[in-house]
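With PDB, C-alpha atoms inside, this is final_2.pdb:
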ATOM      1  CA  MET A   1      57.343 102.719 127.837
ATOM      2  CA  THR A   2      55.985 102.760 131.388
ATOM      3  CA  SER A   3      58.017 102.693 134.584
ATOM      4  CA  ALA A   4      56.971  99.074 135.025
ATOM      5  CA  ASP A   5      58.223  98.244 131.527
ATOM      6  CA  LEU A   6      61.542  99.892 132.323
ATOM      7  CA  LEU A   7      61.910  97.906 135.549
ATOM      8  CA  VAL A   8      60.994  94.634 133.827
ATOM      9  CA  ASP A   9      63.631  95.339 131.176
ATOM     10  CA  ALA A  10      66.317  96.175 133.748
ATOM     11  CA  PHE A  11      65.663  93.050 135.808
ATOM     12  CA  GLY A  12      65.561  91.004 132.587
ATOM     13  CA  ARG A  13      69.058  92.194 131.718
ATOM     14  CA  ILE A  14      70.267  91.136 135.153
ATOM     15  CA  LYS A  15      68.846  87.655 134.548
ATOM     16  CA  GLU A  16      70.805  87.456 131.272
ATOM     17  CA  ASN A  17      73.969  88.583 133.082
ATOM     18  CA  VAL A  18      73.512  86.004 135.834
ATOM     19  CA  HIS A  19      73.018  83.137 133.400
ATOM     20  CA  GLY A  20      75.929  84.301 131.256
ATOM     21  CA  ALA A  21      78.268  84.493 134.249
ATOM     22  CA  VAL A  22      77.728  80.902 135.396
ATOM     23  CA  GLU A  23      76.960  78.987 132.202
ATOM     24  CA  GLY A  24      79.299  76.053 131.587
ATOM     25  CA  LEU A  25      81.412  76.534 134.708
ATOM     26  CA  THR A  26      82.179  73.745 137.153
ATOM     27  CA  GLU A  27      81.424  73.938 140.867
ATOM     28  CA  ALA A  28      85.156  74.343 141.488
ATOM     29  CA  GLU A  29      85.360  77.264 139.059
ATOM     30  CA  LEU A  30      82.252  78.880 140.500
ATOM     31  CA  SER A  31      83.709  78.804 144.004
ATOM     32  CA  GLN A  32      87.248  79.841 143.033
ATOM     33  CA  GLN A  33      88.537  83.098 144.491
ATOM     34  CA  LEU A  34      91.056  84.786 142.184
ATOM     35  CA  ASP A  35      93.041  85.818 145.238
ATOM     36  CA  GLU A  36      92.774  85.316 148.968
ATOM     37  CA  GLY A  37      90.325  88.186 149.506
ATOM     38  CA  GLY A  38      88.356  87.955 146.275
ATOM     39  CA  ASN A  39      84.714  87.138 145.762
ATOM     40  CA  SER A  40      83.891  83.944 143.894
ATOM     41  CA  ILE A  41      81.258  83.790 141.185
ATOM     42  CA  ALA A  42      79.133  81.513 143.384
ATOM     43  CA  TRP A  43      79.226  84.023 146.232
ATOM     44  CA  LEU A  44      78.568  87.018 143.953
ATOM     45  CA  ILE A  45      75.533  85.424 142.305
ATOM     46  CA  TRP A  46      74.211  84.023 145.605
ATOM     47  CA  HIS A  47      74.662  87.444 147.247
ATOM     48  CA  LEU A  48      73.035  89.511 144.508
ATOM     49  CA  THR A  49      70.126  87.079 144.449
ATOM     50  CA  ARG A  50      69.749  87.136 148.239
ATOM     51  CA  VAL A  51      69.738  90.954 148.243
ATOM     52  CA  GLN A  52      67.158  91.095 145.456
ATOM     53  CA  ASP A  53      65.036  88.464 147.207
ATOM     54  CA  ASP A  54      65.251  90.255 150.564
ATOM     55  CA  HIS A  55      64.612  93.757 149.268
ATOM     56  CA  ILE A  56      61.835  92.940 146.804
ATOM     57  CA  ALA A  57      60.011  90.748 149.300
ATOM     58  CA  ASP A  58      60.223  93.560 151.843
ATOM     59  CA  VAL A  59      58.808  96.307 149.612
ATOM     60  CA  ALA A  60      56.185  93.992 148.105
ATOM     61  CA  GLY A  61      55.023  92.631 151.467
ATOM     62  CA  LEU A  62      55.930  89.087 150.407
ATOM     63  CA  GLU A  63      57.901  86.230 151.906
ATOM     64  CA  GLN A  64      61.399  85.607 150.605
ATOM     65  CA  VAL A  65      61.731  82.898 147.974
ATOM     66  CA  TRP A  66      64.872  81.742 149.858
ATOM     67  CA  LEU A  67      62.650  80.561 152.693
ATOM     68  CA  THR A  68      59.320  79.713 151.080
ATOM     69  CA  GLN A  69      60.756  77.546 148.296
ATOM     70  CA  ASP A  70      63.408  75.782 150.416
ATOM     71  CA  TRP A  71      66.381  77.358 148.659
ATOM     72  CA  ALA A  72      68.130  77.800 152.015
ATOM     73  CA  LYS A  73      67.958  74.041 152.528
ATOM     74  CA  ARG A  74      69.091  73.303 148.967
ATOM     75  CA  PHE A  75      72.136  75.564 149.262
ATOM     76  CA  ASN A  76      72.951  74.178 152.730
ATOM     77  CA  LEU A  77      75.235  77.074 153.645
ATOM     78  CA  ALA A  78      76.651  77.565 157.129
ATOM     79  CA  PHE A  79      74.975  80.979 157.440
ATOM     80  CA  ASP A  80      71.831  82.032 159.213
ATOM     81  CA  ASP A  81      68.849  81.770 156.849
ATOM     82  CA  THR A  82      68.470  85.564 156.946
ATOM     83  CA  ALA A  83      72.039  86.185 155.720
ATOM     84  CA  THR A  84      72.366  88.051 152.434
ATOM     85  CA  GLY A  85      76.145  88.257 152.276
ATOM     86  CA  TYR A  86      76.232  91.911 153.282
ATOM     87  CA  GLY A  87      79.419  92.455 155.293
ATOM     88  CA  HIS A  88      80.838  89.005 154.586
ATOM     89  CA  ALA A  89      84.587  88.660 154.970
ATOM     90  CA  ALA A  90      86.792  86.549 152.699
ATOM     91  CA  ALA A  91      86.474  83.547 155.013
ATOM     92  CA  GLU A  92      82.689  83.632 154.668
ATOM     93  CA  VAL A  93      82.930  84.051 150.896
ATOM     94  CA  ALA A  94      85.124  80.932 150.825
ATOM     95  CA  GLN A  95      82.324  78.935 152.512
ATOM     96  CA  VAL A  96      80.094  79.251 149.438
ATOM     97  CA  THR A  97      81.318  76.074 147.758
ATOM     98  CA  GLY A  98      79.782  73.005 146.169
ATOM     99  CA  ILE A  99      77.215  75.185 144.415
ATOM    100  CA  SER A 100      76.290  74.312 140.831
ATOM    101  CA  ALA A 101      75.382  76.703 138.045
ATOM    102  CA  ASP A 102      71.933  75.096 137.947
ATOM    103  CA  LEU A 103      71.392  75.765 141.656
ATOM    104  CA  LEU A 104      72.472  79.395 141.293
ATOM    105  CA  THR A 105      70.311  80.047 138.232
ATOM    106  CA  GLY A 106      67.401  78.091 139.681
ATOM    107  CA  TYR A 107      67.325  80.306 142.748
ATOM    108  CA  TYR A 108      67.897  83.453 140.708
ATOM    109  CA  ASP A 109      65.097  82.521 138.283
ATOM    110  CA  ALA A 110      62.668  81.951 141.170
ATOM    111  CA  VAL A 111      63.537  85.358 142.649
ATOM    112  CA  HIS A 112      63.353  86.936 139.205
ATOM    113  CA  ALA A 113      59.841  85.542 138.681
ATOM    114  CA  GLN A 114      58.658  87.040 141.984
ATOM    115  CA  THR A 115      60.388  90.329 141.158
ATOM    116  CA  ILE A 116      58.839  90.586 137.696
ATOM    117  CA  ASP A 117      55.415  89.702 139.032
ATOM    118  CA  TYR A 118      55.724  92.574 141.508
ATOM    119  CA  VAL A 119      57.333  95.300 139.381
ATOM    120  CA  SER A 120      55.166  94.646 136.324
ATOM    121  CA  GLY A 121      52.137  95.770 138.331
ATOM    122  CA  LEU A 122      53.643  99.045 139.523
ATOM    123  CA  VAL A 123      52.441 102.451 138.341
ATOM    124  CA  ASP A 124      54.240 105.778 138.607
ATOM    125  CA  ALA A 125      52.174 106.748 141.645
ATOM    126  CA  ASP A 126      53.672 103.781 143.585
ATOM    127  CA  LEU A 127      57.277 104.919 143.217
ATOM    128  CA  PRO A 128      57.363 107.798 145.770
ATOM    129  CA  ARG A 129      56.111 105.518 148.574
ATOM    130  CA  ILE A 130      58.503 105.540 151.541
ATOM    131  CA  VAL A 131      59.780 101.996 152.150
ATOM    132  CA  ASP A 132      62.593 102.601 154.654
ATOM    133  CA  THR A 133      62.703 105.344 157.273
ATOM    134  CA  ARG A 134      66.093 104.312 158.701
ATOM    135  CA  TRP A 135      67.839 106.677 156.268
ATOM    136  CA  ASN A 136      67.852 110.436 155.888
ATOM    137  CA  PRO A 137      66.192 111.156 153.587
ATOM    138  CA  PRO A 138      63.864 108.171 153.861
ATOM    139  CA  VAL A 139      64.127 105.669 151.016
ATOM    140  CA  THR A 140      61.365 105.602 148.426
ATOM    141  CA  LEU A 141      60.287 102.556 146.464
ATOM    142  CA  ALA A 142      61.903 104.044 143.339
ATOM    143  CA  VAL A 143      65.237 104.524 145.094
ATOM    144  CA  ARG A 144      65.134 101.011 146.585
ATOM    145  CA  LEU A 145      64.426  99.424 143.199
ATOM    146  CA  VAL A 146      67.208 101.389 141.507
ATOM    147  CA  SER A 147      69.536 100.411 144.357
ATOM    148  CA  VAL A 148      68.767  96.717 143.854
ATOM    149  CA  ILE A 149      69.259  97.015 140.095
ATOM    150  CA  ASP A 150      72.555  98.859 140.573
ATOM    151  CA  ASP A 151      73.835  96.310 143.101
ATOM    152  CA  ASP A 152      72.820  93.388 140.889
ATOM    153  CA  ILE A 153      74.412  94.865 137.769
ATOM    154  CA  GLN A 154      77.660  95.590 139.590
ATOM    155  CA  HIS A 155      77.893  92.099 141.086
ATOM    156  CA  SER A 156      76.897  90.314 137.892
ATOM    157  CA  GLY A 157      79.563  92.341 136.090
ATOM    158  CA  GLN A 158      82.119  91.323 138.702
ATOM    159  CA  ALA A 159      81.086  87.684 138.199
ATOM    160  CA  ALA A 160      81.502  88.092 134.433
ATOM    161  CA  TYR A 161      84.996  89.474 134.981
ATOM    162  CA  VAL A 162      85.976  86.535 137.207
ATOM    163  CA  ARG A 163      84.512  84.183 134.588
ATOM    164  CA  GLY A 164      86.703  85.740 131.909
ATOM    165  CA  VAL A 165      89.823  85.285 134.009
ATOM    166  CA  LEU A 166      88.915  81.664 134.787
ATOM    167  CA  LEU A 167      88.226  80.846 131.146
ATOM    168  CA  ARG A 168      91.583  82.312 130.084
ATOM    169  CA  ARG A 169      93.274  80.092 132.695
ATOM    170  CA  ARG A 170      91.736  76.869 131.332
TER
END

If you took the structure in this file and wrote it as structure tokens, what would it be?
Amino acid sequence: MTSADLLVDAFGRIKENVHGAVEGLTEAELSQQLDEGGNSIAWLIWHLTRVQDDHIADVAGLEQVWLTQDWAKRFNLAFDDTATGYGHAAAEVAQVTGISADLLTGYYDAVHAQTIDYVSGLVDADLPRIVDTRWNPPVTLAVRLVSVIDDDIQHSGQAAYVRGVLLRRR
């Protein structure tokens, strides 16, 4: 297995998690916060997809799918088009409503396709490339990709947990 194969597999698992977290849920369920400060499934999936879109586009030298494929317009959120959800408070999380499972998975699938196209062409020699000098030590491509995978797995797992609670409440 190559590094590219490993990355393709990891991002493929995230896609399965995303689809599994939203499948069969209503817009109301997707936007429900379990408590006043909790993250909804819609926000979690939107956020993890925005972060993946932003970070992969940056390291690959590409435009974000959010902007180039009109996803920002389709979601029609009250945020700036560059928002990824980082630092959002509960009130901002609550604004991610009226979002269908199809819209969430459609956007995720478009980002996933761009991600897979990029990572499947990587070789081991690409991974030590510095992609962000704002940190000490500077962030390599390998570290950035693992960071995105980790963030996506955590948030998709949180969405799966919320889903389980919602389904038990039906």

Each residue of range 111-140 of chain A with at least one atom at most 10 Å from range 51-73 of chain A should appear once, together with its nearest atom pair and the corresponding distance in Å (one decimal); atoms considered: all atoms listed in the file; ordering: chain, then increasing residue number; output as a Markdown table.
| residue | atom | partner | partner_atom | distance |
| --- | --- | --- | --- | --- |
| A:Val111 | CA | A:Asp53 | CA | 5.7 |
| A:His112 | CA | A:Asp53 | CA | 8.3 |
| A:Ala113 | CA | A:Val65 | CA | 9.8 |
| A:Gln114 | CA | A:Val65 | CA | 7.9 |
| A:Thr115 | CA | A:Ile56 | CA | 6.4 |
| A:Ile116 | CA | A:Ile56 | CA | 9.9 |
| A:Tyr118 | CA | A:Ala60 | CA | 6.8 |
| A:Val119 | CA | A:Ala60 | CA | 8.9 |
| A:Arg129 | CA | A:Val59 | CA | 9.7 |
| A:Ile130 | CA | A:Val59 | CA | 9.4 |
| A:Val131 | CA | A:Val59 | CA | 6.3 |
| A:Asp132 | CA | A:Val59 | CA | 8.9 |
| A:Thr140 | CA | A:Val59 | CA | 9.7 |

From the list A:Gln33, A:Thr49, A:Thr97, A:Ser3, the nearest residue to Leu127 in chain A using all atoms listed in the file is A:Ser3

With all atoms listed in the file counted and 8 Å as the cut-off, give the residues of range 139-161 of chain A in contact with range 7-16 of chain A, each with its shortest interatomic distance in Å and the pair that gives it, as a tab-separated table.
residue	atom	partner	partner_atom	distance
A:Ile149	CA	A:Phe11	CA	6.9
A:Asp152	CA	A:Ile14	CA	6.7
A:Ile153	CA	A:Ile14	CA	6.2
A:Ser156	CA	A:Ile14	CA	7.2

Can I get the selected residues back with C-alpha atoms, as a short mmCIF file (atom, residue, chain, number, x, y, z; two decimals), keeping the file's coordinate frame?
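Dumped everything to again_8.cif:
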data_model
loop_
_atom_site.label_atom_id
_atom_site.label_comp_id
_atom_site.auth_asym_id
_atom_site.auth_seq_id
_atom_site.Cartn_x
_atom_site.Cartn_y
_atom_site.Cartn_z
CA ILE A 149 69.26 97.02 140.10
CA ASP A 152 72.82 93.39 140.89
CA ILE A 153 74.41 94.86 137.77
CA SER A 156 76.90 90.31 137.89
#

Exercise: Arg163 in chain A partners within 9 Å, all atoms listed in the file, chain neighbours under 5 positions left out, as a VMD selection string: chain A and resid 21 to 22 25 29 to 30 41 158 168

What's the separation between CA of Arg144 in chain A and CA of Tyr107 in chain A, in Å to one decimal place?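 That distance, rounded to one decimal, is 21.2 Å.
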
Just the number, please: distance in Å from CA of Ala101 in chain A to CA of Ala42 in chain A, one decimal.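 Computing the Euclidean distance for CA of Ala101 in chain A and CA of Ala42 in chain A yields 8.1 Å.
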
Ala28 in chain A surroundings by all atoms listed in the file, 9 Å radius, close-in-sequence under 5 positions cut, as a ChimeraX atom specification: /A:97-100

Please list as a short mmCIF file (atom, residue, chain, number, x, y, z; two decimals) with C-alpha atoms, in the frame of the given file every residue within 9 Å of Ser40 in chain A, counting all atoms listed in the file and excluding residues in the same chain fewer than 5 positions away.
data_model
loop_
_atom_site.label_atom_id
_atom_site.label_comp_id
_atom_site.auth_asym_id
_atom_site.auth_seq_id
_atom_site.Cartn_x
_atom_site.Cartn_y
_atom_site.Cartn_z
CA GLU A 29 85.36 77.26 139.06
CA LEU A 30 82.25 78.88 140.50
CA SER A 31 83.71 78.80 144.00
CA GLN A 32 87.25 79.84 143.03
CA GLN A 33 88.54 83.10 144.49
CA LEU A 34 91.06 84.79 142.18
CA ILE A 45 75.53 85.42 142.30
CA VAL A 93 82.93 84.05 150.90
CA ALA A 94 85.12 80.93 150.82
CA VAL A 96 80.09 79.25 149.44
CA ALA A 159 81.09 87.68 138.20
CA VAL A 162 85.98 86.54 137.21
#

Compare A:Gln95, A:Asn76, A:Thr82, A:Thr105 by their minimum atom-to-atom distance to His19 in chain A, counting all atoms listed in the file, and give me the closest one. A:Thr105

Could you please determine the separation between CA of Trp46 in chain A and CA of Leu77 in chain A in Å, to one decimal place? 10.7 Å

Hey, which of A:Ala90, A:Leu104, A:Phe79, A:Val146 ends up closest to Asp35 in chain A? Count only C-alpha atoms. A:Ala90

Could you tell me which of A:Glu92, A:Asp102, A:Asp109, A:Glu36 comes closest to Glu23 in chain A if we count all atoms listed in the file?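 For Glu23 in chain A, the nearest of the candidates is A:Asp102.
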
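With all atoms listed in the file as the atoms that count, the residue of A:His155, A:Arg74, A:Asp5, A:Val148 with the shortest distance to Leu103 in chain A is A:Arg74.
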